[in-house]
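Everything below concerns the one structure shown next.
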Amino acid sequence: MFQKKRQNIISLTRETLREWSDDHTSAVAASLAYYAVFALSPILIIMAVTVGTVIDRTTVESEIVGGVEAAVGDDVANTIDRLLDSNTAEETDVFGTIVWIAIVVWGSSGMFTQIQNALNKIWEVRPQPSRPLLAFIENRILSFSIVLTVNVFLLATLLINTGINILIRDFRELADVVFLIRPLQLLVSVTMMTILFAVVFKVLPNVRIRWQDVIVGAFFTATLFYAGQFAVGLYLANASVGSAFGAAGSLTVVLVWIYYSMQIFLFGAQFTEVWARHHGEYIKPTKRSGWLNKYKTQEELRRVGIYVDADMNEMALPPDDADGEPGGLSVIETAAVNVKSPRTPSPQKD
């Protein structure tokens, strides 16, 4: 039993790596990192302002900076700290306030719009053409709602961790069981991150996916994300990434951090697709979207014994096998067979 599960995990990982490479995910992560650099400041502003309405803003900022420092080191944390200090809203006129809010909303939602496009590409779907203005407004509203969702989970995580820290500080008898409480904080953080990734996977892309498959993929992504952040932190702390770039060194470190974080996130999304195909229900486009590459999707489904016709409707048996054997020709092989080769003239007898 254990041997079979281990082989299953290895098979899933191998297939995830192959599709992750085929989809050129590294290039997608690089483009996301580029957009994230410009969206980072607006997102931090919204986090500090919204969560600061419940908790003291100084506490919120220190928790954000402290969490980043613990994960990836001083360089990135100092950059985040400077961004938070320089983005304190000043008193201004009504028009200036409206323009400031519009810029913040636009910038913060832009990154999640790009994440939506990246997930659509990885999961082989594309939205159907519609009225450009309406689709644009819908995407921005959806993306900003995800920004607000991130803030809700950040607030919940801060409240829980702050409560645990107060208990440890004020109750001396808990000092002996700190080694048990710290893993509890990690469990809370992973749980919150799992729920957040599940919401992103379920709501943001233009797909239909079961909650059961989403939860498995989100938990895998959250666990990998925390482990990956630790590895990235060690790399940034010892590699001196920004030292060769002078004044731009801090920005370079932030860019590298976001790039590797996006790689981890997209790998988790790729694993979610593979898991759903093998152990759940494969991901399908919504009614207002379609397949990006039908032939590629048909080949991926055929490898797990799922056969679909040209319109992507499931069939009980492979179309090329009259005997019902599961080893019918692939879509590409069928296309090659159906191509008629030019007829060569037969030699004439003298």
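Every chain in the structure tokens takes a letter, A first, then B, and so on in the order presented; its residues are numbered from 1, and the ligands are numbered from 1 following the presented order.
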
Neighbours of Glu15 of chain A within 10 Å (only C-alpha atoms; same-chain residues fewer than 3 positions away dropped), as a PyMOL selection string? chain A and resi 9-12+18-21+270-271+274-275+300

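Checking A:Trp211, A:Trp257, A:Trp106, A:Phe112 one by one against Gly228 of chain A, counting only C-alpha atoms, you find the shortest gap at A:Trp257.
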
Leaving out Ile258 of chain A and any residue of its chain fewer than 6 positions from it, which residues lie within 12 Å of it when counting only C-alpha atoms, given as a PyMOL selection string? chain A and resi 29-40+68+72+76+111+225+228-229+232-233+236+251-252+264-265

Name all residues at most 8 Å from Leu119 of chain A (count only C-alpha atoms; drop same-chain ones fewer than 6 positions away) and give them as a ChimeraX atom specification. /A:205,266,269

Would you mind telling me which residue in A:Thr13, A:Ser26, A:Gln298, A:Thr53 lies nearest to Met262 of chain A when using only C-alpha atoms? A:Ser26

Measure the distance from atom CA of Ile80 of chain A to atom CA of Thr221 of chain A in Å and round it to one decimal.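 Separation between atom CA of Ile80 of chain A and atom CA of Thr221 of chain A: 23.9 Å.
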
Neighbours of Lys294 of chain A within 12 Å (only C-alpha atoms; same-chain residues fewer than 3 positions away dropped), as number ranges by chain? A: 123-126, 284-285, 290-291, 297-301, 308-313, 331-332

Could the residues in this selection be saved with N, CA and C atoms as a PDB file, in the first residue's frame?
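Done, and the output landed in again06.pdb:
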ATOM      1  N   TRP A 123      -4.298  26.310 -17.083  1.00  0.00           N
ATOM      2  CA  TRP A 123      -5.415  25.363 -17.088  1.00  0.00           C
ATOM      3  C   TRP A 123      -6.106  25.271 -18.446  1.00  0.00           C
ATOM      4  N   GLU A 124      -5.472  25.818 -19.481  1.00  0.00           N
ATOM      5  CA  GLU A 124      -5.878  25.641 -20.883  1.00  0.00           C
ATOM      6  C   GLU A 124      -7.281  26.154 -21.171  1.00  0.00           C
ATOM      7  N   VAL A 125      -7.647  27.315 -20.635  1.00  0.00           N
ATOM      8  CA  VAL A 125      -8.939  27.916 -20.950  1.00  0.00           C
ATOM      9  C   VAL A 125      -8.717  29.372 -21.347  1.00  0.00           C
ATOM     10  N   ARG A 126      -9.726  29.933 -21.982  1.00  0.00           N
ATOM     11  CA  ARG A 126      -9.684  31.351 -22.352  1.00  0.00           C
ATOM     12  C   ARG A 126     -11.098  31.902 -22.300  1.00  0.00           C
ATOM     13  N   LYS A 284     -12.695  22.157 -16.297  1.00  0.00           N
ATOM     14  CA  LYS A 284     -13.400  22.522 -17.525  1.00  0.00           C
ATOM     15  C   LYS A 284     -13.625  24.035 -17.557  1.00  0.00           C
ATOM     16  N   PRO A 285     -13.772  24.607 -18.749  1.00  0.00           N
ATOM     17  CA  PRO A 285     -14.082  26.035 -18.827  1.00  0.00           C
ATOM     18  C   PRO A 285     -15.524  26.311 -18.425  1.00  0.00           C
ATOM     19  N   GLY A 290     -13.886  29.176 -23.099  1.00  0.00           N
ATOM     20  CA  GLY A 290     -13.672  28.003 -23.930  1.00  0.00           C
ATOM     21  C   GLY A 290     -12.277  27.436 -23.720  1.00  0.00           C
ATOM     22  N   TRP A 291     -11.963  26.377 -24.496  1.00  0.00           N
ATOM     23  CA  TRP A 291     -10.656  25.747 -24.378  1.00  0.00           C
ATOM     24  C   TRP A 291      -9.618  26.576 -25.118  1.00  0.00           C
ATOM     25  N   THR A 297      -5.221  19.464 -24.555  1.00  0.00           N
ATOM     26  CA  THR A 297      -6.071  18.967 -23.481  1.00  0.00           C
ATOM     27  C   THR A 297      -6.522  17.542 -23.748  1.00  0.00           C
ATOM     28  N   GLN A 298      -6.853  17.221 -25.002  1.00  0.00           N
ATOM     29  CA  GLN A 298      -7.259  15.864 -25.349  1.00  0.00           C
ATOM     30  C   GLN A 298      -6.139  14.863 -25.085  1.00  0.00           C
ATOM     31  N   GLU A 299      -4.913  15.237 -25.392  1.00  0.00           N
ATOM     32  CA  GLU A 299      -3.788  14.355 -25.143  1.00  0.00           C
ATOM     33  C   GLU A 299      -3.577  14.139 -23.640  1.00  0.00           C
ATOM     34  N   GLU A 300      -3.700  15.206 -22.866  1.00  0.00           N
ATOM     35  CA  GLU A 300      -3.537  15.085 -21.408  1.00  0.00           C
ATOM     36  C   GLU A 300      -4.620  14.195 -20.810  1.00  0.00           C
ATOM     37  N   LEU A 301      -5.845  14.327 -21.285  1.00  0.00           N
ATOM     38  CA  LEU A 301      -6.935  13.492 -20.781  1.00  0.00           C
ATOM     39  C   LEU A 301      -6.778  12.037 -21.217  1.00  0.00           C
ATOM     40  N   VAL A 308     -12.391  12.205 -25.282  1.00  0.00           N
ATOM     41  CA  VAL A 308     -13.369  13.230 -25.659  1.00  0.00           C
ATOM     42  C   VAL A 308     -13.354  13.374 -27.173  1.00  0.00           C
ATOM     43  N   ASP A 309     -14.485  13.847 -27.707  1.00  0.00           N
ATOM     44  CA  ASP A 309     -14.556  14.052 -29.148  1.00  0.00           C
ATOM     45  C   ASP A 309     -14.059  15.451 -29.501  1.00  0.00           C
ATOM     46  N   ALA A 310     -14.264  15.849 -30.745  1.00  0.00           N
ATOM     47  CA  ALA A 310     -13.760  17.142 -31.209  1.00  0.00           C
ATOM     48  C   ALA A 310     -14.404  18.315 -30.484  1.00  0.00           C
ATOM     49  N   ASP A 311     -15.620  18.103 -29.960  1.00  0.00           N
ATOM     50  CA  ASP A 311     -16.313  19.155 -29.210  1.00  0.00           C
ATOM     51  C   ASP A 311     -16.073  19.052 -27.711  1.00  0.00           C
ATOM     52  N   MET A 312     -15.122  18.219 -27.315  1.00  0.00           N
ATOM     53  CA  MET A 312     -14.725  18.045 -25.916  1.00  0.00           C
ATOM     54  C   MET A 312     -15.827  17.414 -25.067  1.00  0.00           C
ATOM     55  N   ASN A 313     -16.666  16.590 -25.695  1.00  0.00           N
ATOM     56  CA  ASN A 313     -17.661  15.819 -24.958  1.00  0.00           C
ATOM     57  C   ASN A 313     -17.092  14.436 -24.663  1.00  0.00           C
ATOM     58  N   VAL A 331      -5.076  11.580 -30.590  1.00  0.00           N
ATOM     59  CA  VAL A 331      -5.654  12.554 -31.505  1.00  0.00           C
ATOM     60  C   VAL A 331      -4.670  12.902 -32.605  1.00  0.00           C
ATOM     61  N   ILE A 332      -3.397  13.086 -32.245  1.00  0.00           N
ATOM     62  CA  ILE A 332      -2.388  13.456 -33.230  1.00  0.00           C
ATOM     63  C   ILE A 332      -2.147  12.305 -34.202  1.00  0.00           C
TER      64      ILE A 332
END

Near Ser109 of chain A, within 12 Å and counting only C-alpha atoms, which residues show up once chain neighbours fewer than 5 positions away are dropped, as a PyMOL selection string? chain A and resi 35-36+38-43+46+102-104+114-116+136-150+204

Emit the selected residues as a CSV table (one decimal), in the first residue's frame, including C-alpha atoms.
chain,number,residue,atom,x,y,z
A,35,TYR,CA,3.4,43.4,-12.6
A,36,ALA,CA,3.7,42.6,-8.9
A,38,PHE,CA,4.2,47.9,-9.5
A,39,ALA,CA,1.2,46.5,-7.6
A,40,LEU,CA,3.2,46.0,-4.3
A,41,SER,CA,2.9,49.5,-3.0
A,42,PRO,CA,-0.9,49.8,-3.6
A,43,ILE,CA,-1.5,46.4,-2.0
A,46,ILE,CA,-4.8,48.7,1.3
A,102,ALA,CA,-8.5,55.3,-8.0
A,103,ILE,CA,-4.7,54.8,-8.4
A,104,VAL,CA,-4.5,52.5,-5.4
A,114,GLN,CA,-2.5,39.0,-14.5
A,115,ILE,CA,-2.8,36.1,-12.1
A,116,GLN,CA,-6.2,35.3,-13.6
A,136,PHE,CA,-12.6,44.9,-18.3
A,137,ILE,CA,-14.8,46.3,-15.5
A,138,GLU,CA,-15.9,42.8,-14.4
A,139,ASN,CA,-12.2,41.6,-14.2
A,140,ARG,CA,-11.2,44.7,-12.2
A,141,ILE,CA,-14.1,44.3,-9.8
A,142,LEU,CA,-13.3,40.6,-9.4
A,143,SER,CA,-9.6,41.3,-8.9
A,144,PHE,CA,-10.2,43.9,-6.3
A,145,SER,CA,-12.6,41.6,-4.4
A,146,ILE,CA,-9.7,39.2,-4.2
A,147,VAL,CA,-7.5,42.0,-2.8
A,148,LEU,CA,-10.1,42.6,-0.1
A,149,THR,CA,-10.3,38.8,0.6
A,150,VAL,CA,-6.5,38.8,1.1
A,204,LEU,CA,-10.3,33.9,-10.2

Among segment 165-315 of chain A, which ones does DSSP place in strand (DSSP E), written as a ChimeraX atom specification? /A:207-208,284-285,289-291,307-308,314-315

Between atom CA of Ser189 of chain A and atom CA of Gly67 of chain A, distance in Å (one decimal):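 Interatomic distance here is 11.1 Å.
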
Please give the complete set of residues from segment 242-298 of chain A that DSSP, run on the backbone, assigns to alpha helix (DSSP H), formatted as an MDAnalysis selection string. chainID A and resid 249:279 294:298

Grab the residues selected above and save them as a JSON list (two decimals), in the first residue's frame with N, CA and C atoms.
[["chain", "number", "residue", "atom", "x", "y", "z"],
["A", 249, "GLY", "N", 19.74, 47.66, -5.67],
["A", 249, "GLY", "CA", 19.89, 46.33, -5.08],
["A", 249, "GLY", "C", 18.66, 45.86, -4.34],
["A", 250, "SER", "N", 18.04, 46.78, -3.54],
["A", 250, "SER", "CA", 16.86, 46.39, -2.77],
["A", 250, "SER", "C", 15.71, 46.00, -3.69],
["A", 251, "LEU", "N", 15.51, 46.77, -4.75],
["A", 251, "LEU", "CA", 14.46, 46.44, -5.71],
["A", 251, "LEU", "C", 14.74, 45.11, -6.39],
["A", 252, "THR", "N", 15.99, 44.84, -6.68],
["A", 252, "THR", "CA", 16.35, 43.57, -7.31],
["A", 252, "THR", "C", 16.04, 42.40, -6.39],
["A", 253, "VAL", "N", 16.34, 42.55, -5.10],
["A", 253, "VAL", "CA", 16.05, 41.49, -4.14],
["A", 253, "VAL", "C", 14.54, 41.24, -4.06],
["A", 254, "VAL", "N", 13.75, 42.31, -4.02],
["A", 254, "VAL", "CA", 12.29, 42.18, -3.99],
["A", 254, "VAL", "C", 11.80, 41.47, -5.24],
["A", 255, "LEU", "N", 12.35, 41.84, -6.39],
["A", 255, "LEU", "CA", 11.94, 41.23, -7.66],
["A", 255, "LEU", "C", 12.25, 39.74, -7.68],
["A", 256, "VAL", "N", 13.44, 39.37, -7.21],
["A", 256, "VAL", "CA", 13.81, 37.95, -7.15],
["A", 256, "VAL", "C", 12.90, 37.20, -6.20],
["A", 257, "TRP", "N", 12.61, 37.81, -5.05],
["A", 257, "TRP", "CA", 11.71, 37.18, -4.07],
["A", 257, "TRP", "C", 10.34, 36.92, -4.68],
["A", 258, "ILE", "N", 9.76, 37.93, -5.34],
["A", 258, "ILE", "CA", 8.44, 37.77, -5.94],
["A", 258, "ILE", "C", 8.48, 36.75, -7.06],
["A", 259, "TYR", "N", 9.56, 36.75, -7.85],
["A", 259, "TYR", "CA", 9.67, 35.82, -8.97],
["A", 259, "TYR", "C", 9.63, 34.37, -8.49],
["A", 260, "TYR", "N", 10.44, 34.04, -7.48],
["A", 260, "TYR", "CA", 10.44, 32.66, -6.98],
["A", 260, "TYR", "C", 9.13, 32.32, -6.28],
["A", 261, "SER", "N", 8.51, 33.30, -5.62],
["A", 261, "SER", "CA", 7.21, 33.06, -4.99],
["A", 261, "SER", "C", 6.15, 32.73, -6.03],
["A", 262, "MET", "N", 6.18, 33.44, -7.15],
["A", 262, "MET", "CA", 5.24, 33.17, -8.23],
["A", 262, "MET", "C", 5.50, 31.80, -8.86],
["A", 263, "GLN", "N", 6.77, 31.41, -8.95],
["A", 263, "GLN", "CA", 7.08, 30.07, -9.45],
["A", 263, "GLN", "C", 6.43, 29.00, -8.59],
["A", 264, "ILE", "N", 6.54, 29.17, -7.27],
["A", 264, "ILE", "CA", 5.95, 28.20, -6.34],
["A", 264, "ILE", "C", 4.43, 28.19, -6.47],
["A", 265, "PHE", "N", 3.83, 29.37, -6.55],
["A", 265, "PHE", "CA", 2.37, 29.46, -6.67],
["A", 265, "PHE", "C", 1.88, 28.79, -7.96],
["A", 266, "LEU", "N", 2.55, 29.05, -9.07],
["A", 266, "LEU", "CA", 2.12, 28.47, -10.34],
["A", 266, "LEU", "C", 2.37, 26.97, -10.39],
["A", 267, "PHE", "N", 3.42, 26.51, -9.74],
["A", 267, "PHE", "CA", 3.65, 25.06, -9.65],
["A", 267, "PHE", "C", 2.51, 24.40, -8.87],
["A", 268, "GLY", "N", 2.05, 25.06, -7.80],
["A", 268, "GLY", "CA", 0.89, 24.54, -7.06],
["A", 268, "GLY", "C", -0.36, 24.51, -7.91],
["A", 269, "ALA", "N", -0.54, 25.53, -8.75],
["A", 269, "ALA", "CA", -1.69, 25.54, -9.65],
["A", 269, "ALA", "C", -1.60, 24.41, -10.67],
["A", 270, "GLN", "N", -0.39, 24.16, -11.17],
["A", 270, "GLN", "CA", -0.20, 23.06, -12.12],
["A", 270, "GLN", "C", -0.47, 21.71, -11.45],
["A", 271, "PHE", "N", -0.03, 21.55, -10.21],
["A", 271, "PHE", "CA", -0.31, 20.31, -9.48],
["A", 271, "PHE", "C", -1.81, 20.14, -9.27],
["A", 272, "THR", "N", -2.52, 21.22, -9.00],
["A", 272, "THR", "CA", -3.97, 21.15, -8.81],
["A", 272, "THR", "C", -4.66, 20.59, -10.05],
["A", 273, "GLU", "N", -4.20, 21.04, -11.23],
["A", 273, "GLU", "CA", -4.78, 20.53, -12.48],
["A", 273, "GLU", "C", -4.50, 19.04, -12.65],
["A", 274, "VAL", "N", -3.27, 18.63, -12.38],
["A", 274, "VAL", "CA", -2.91, 17.22, -12.53],
["A", 274, "VAL", "C", -3.66, 16.36, -11.53],
["A", 275, "TRP", "N", -3.75, 16.83, -10.28],
["A", 275, "TRP", "CA", -4.49, 16.07, -9.26],
["A", 275, "TRP", "C", -5.95, 15.90, -9.65],
["A", 276, "ALA", "N", -6.58, 16.98, -10.10],
["A", 276, "ALA", "CA", -8.00, 16.91, -10.48],
["A", 276, "ALA", "C", -8.20, 15.93, -11.63],
["A", 277, "ARG", "N", -7.27, 15.89, -12.55],
["A", 277, "ARG", "CA", -7.40, 15.00, -13.70],
["A", 277, "ARG", "C", -7.27, 13.53, -13.29],
["A", 278, "HIS", "N", -6.41, 13.24, -12.32],
["A", 278, "HIS", "CA", -6.15, 11.85, -11.92],
["A", 278, "HIS", "C", -7.12, 11.36, -10.84],
["A", 279, "HIS", "N", -7.44, 12.20, -9.88],
["A", 279, "HIS", "CA", -8.17, 11.75, -8.69],
["A", 279, "HIS", "C", -9.50, 12.46, -8.47],
["A", 294, "LYS", "N", -7.40, 22.68, -27.55],
["A", 294, "LYS", "CA", -8.17, 21.43, -27.43],
["A", 294, "LYS", "C", -7.29, 20.20, -27.61],
["A", 295, "TYR", "N", -6.37, 20.25, -28.58],
["A", 295, "TYR", "CA", -5.56, 19.07, -28.87],
["A", 295, "TYR", "C", -4.65, 18.72, -27.70],
["A", 296, "LYS", "N", -4.07, 19.73, -27.08],
["A", 296, "LYS", "CA", -3.21, 19.49, -25.92],
["A", 296, "LYS", "C", -4.03, 18.92, -24.76],
["A", 297, "THR", "N", -5.22, 19.46, -24.55],
["A", 297, "THR", "CA", -6.07, 18.97, -23.48],
["A", 297, "THR", "C", -6.52, 17.54, -23.75],
["A", 298, "GLN", "N", -6.85, 17.22, -25.00],
["A", 298, "GLN", "CA", -7.26, 15.86, -25.35],
["A", 298, "GLN", "C", -6.14, 14.86, -25.09]]
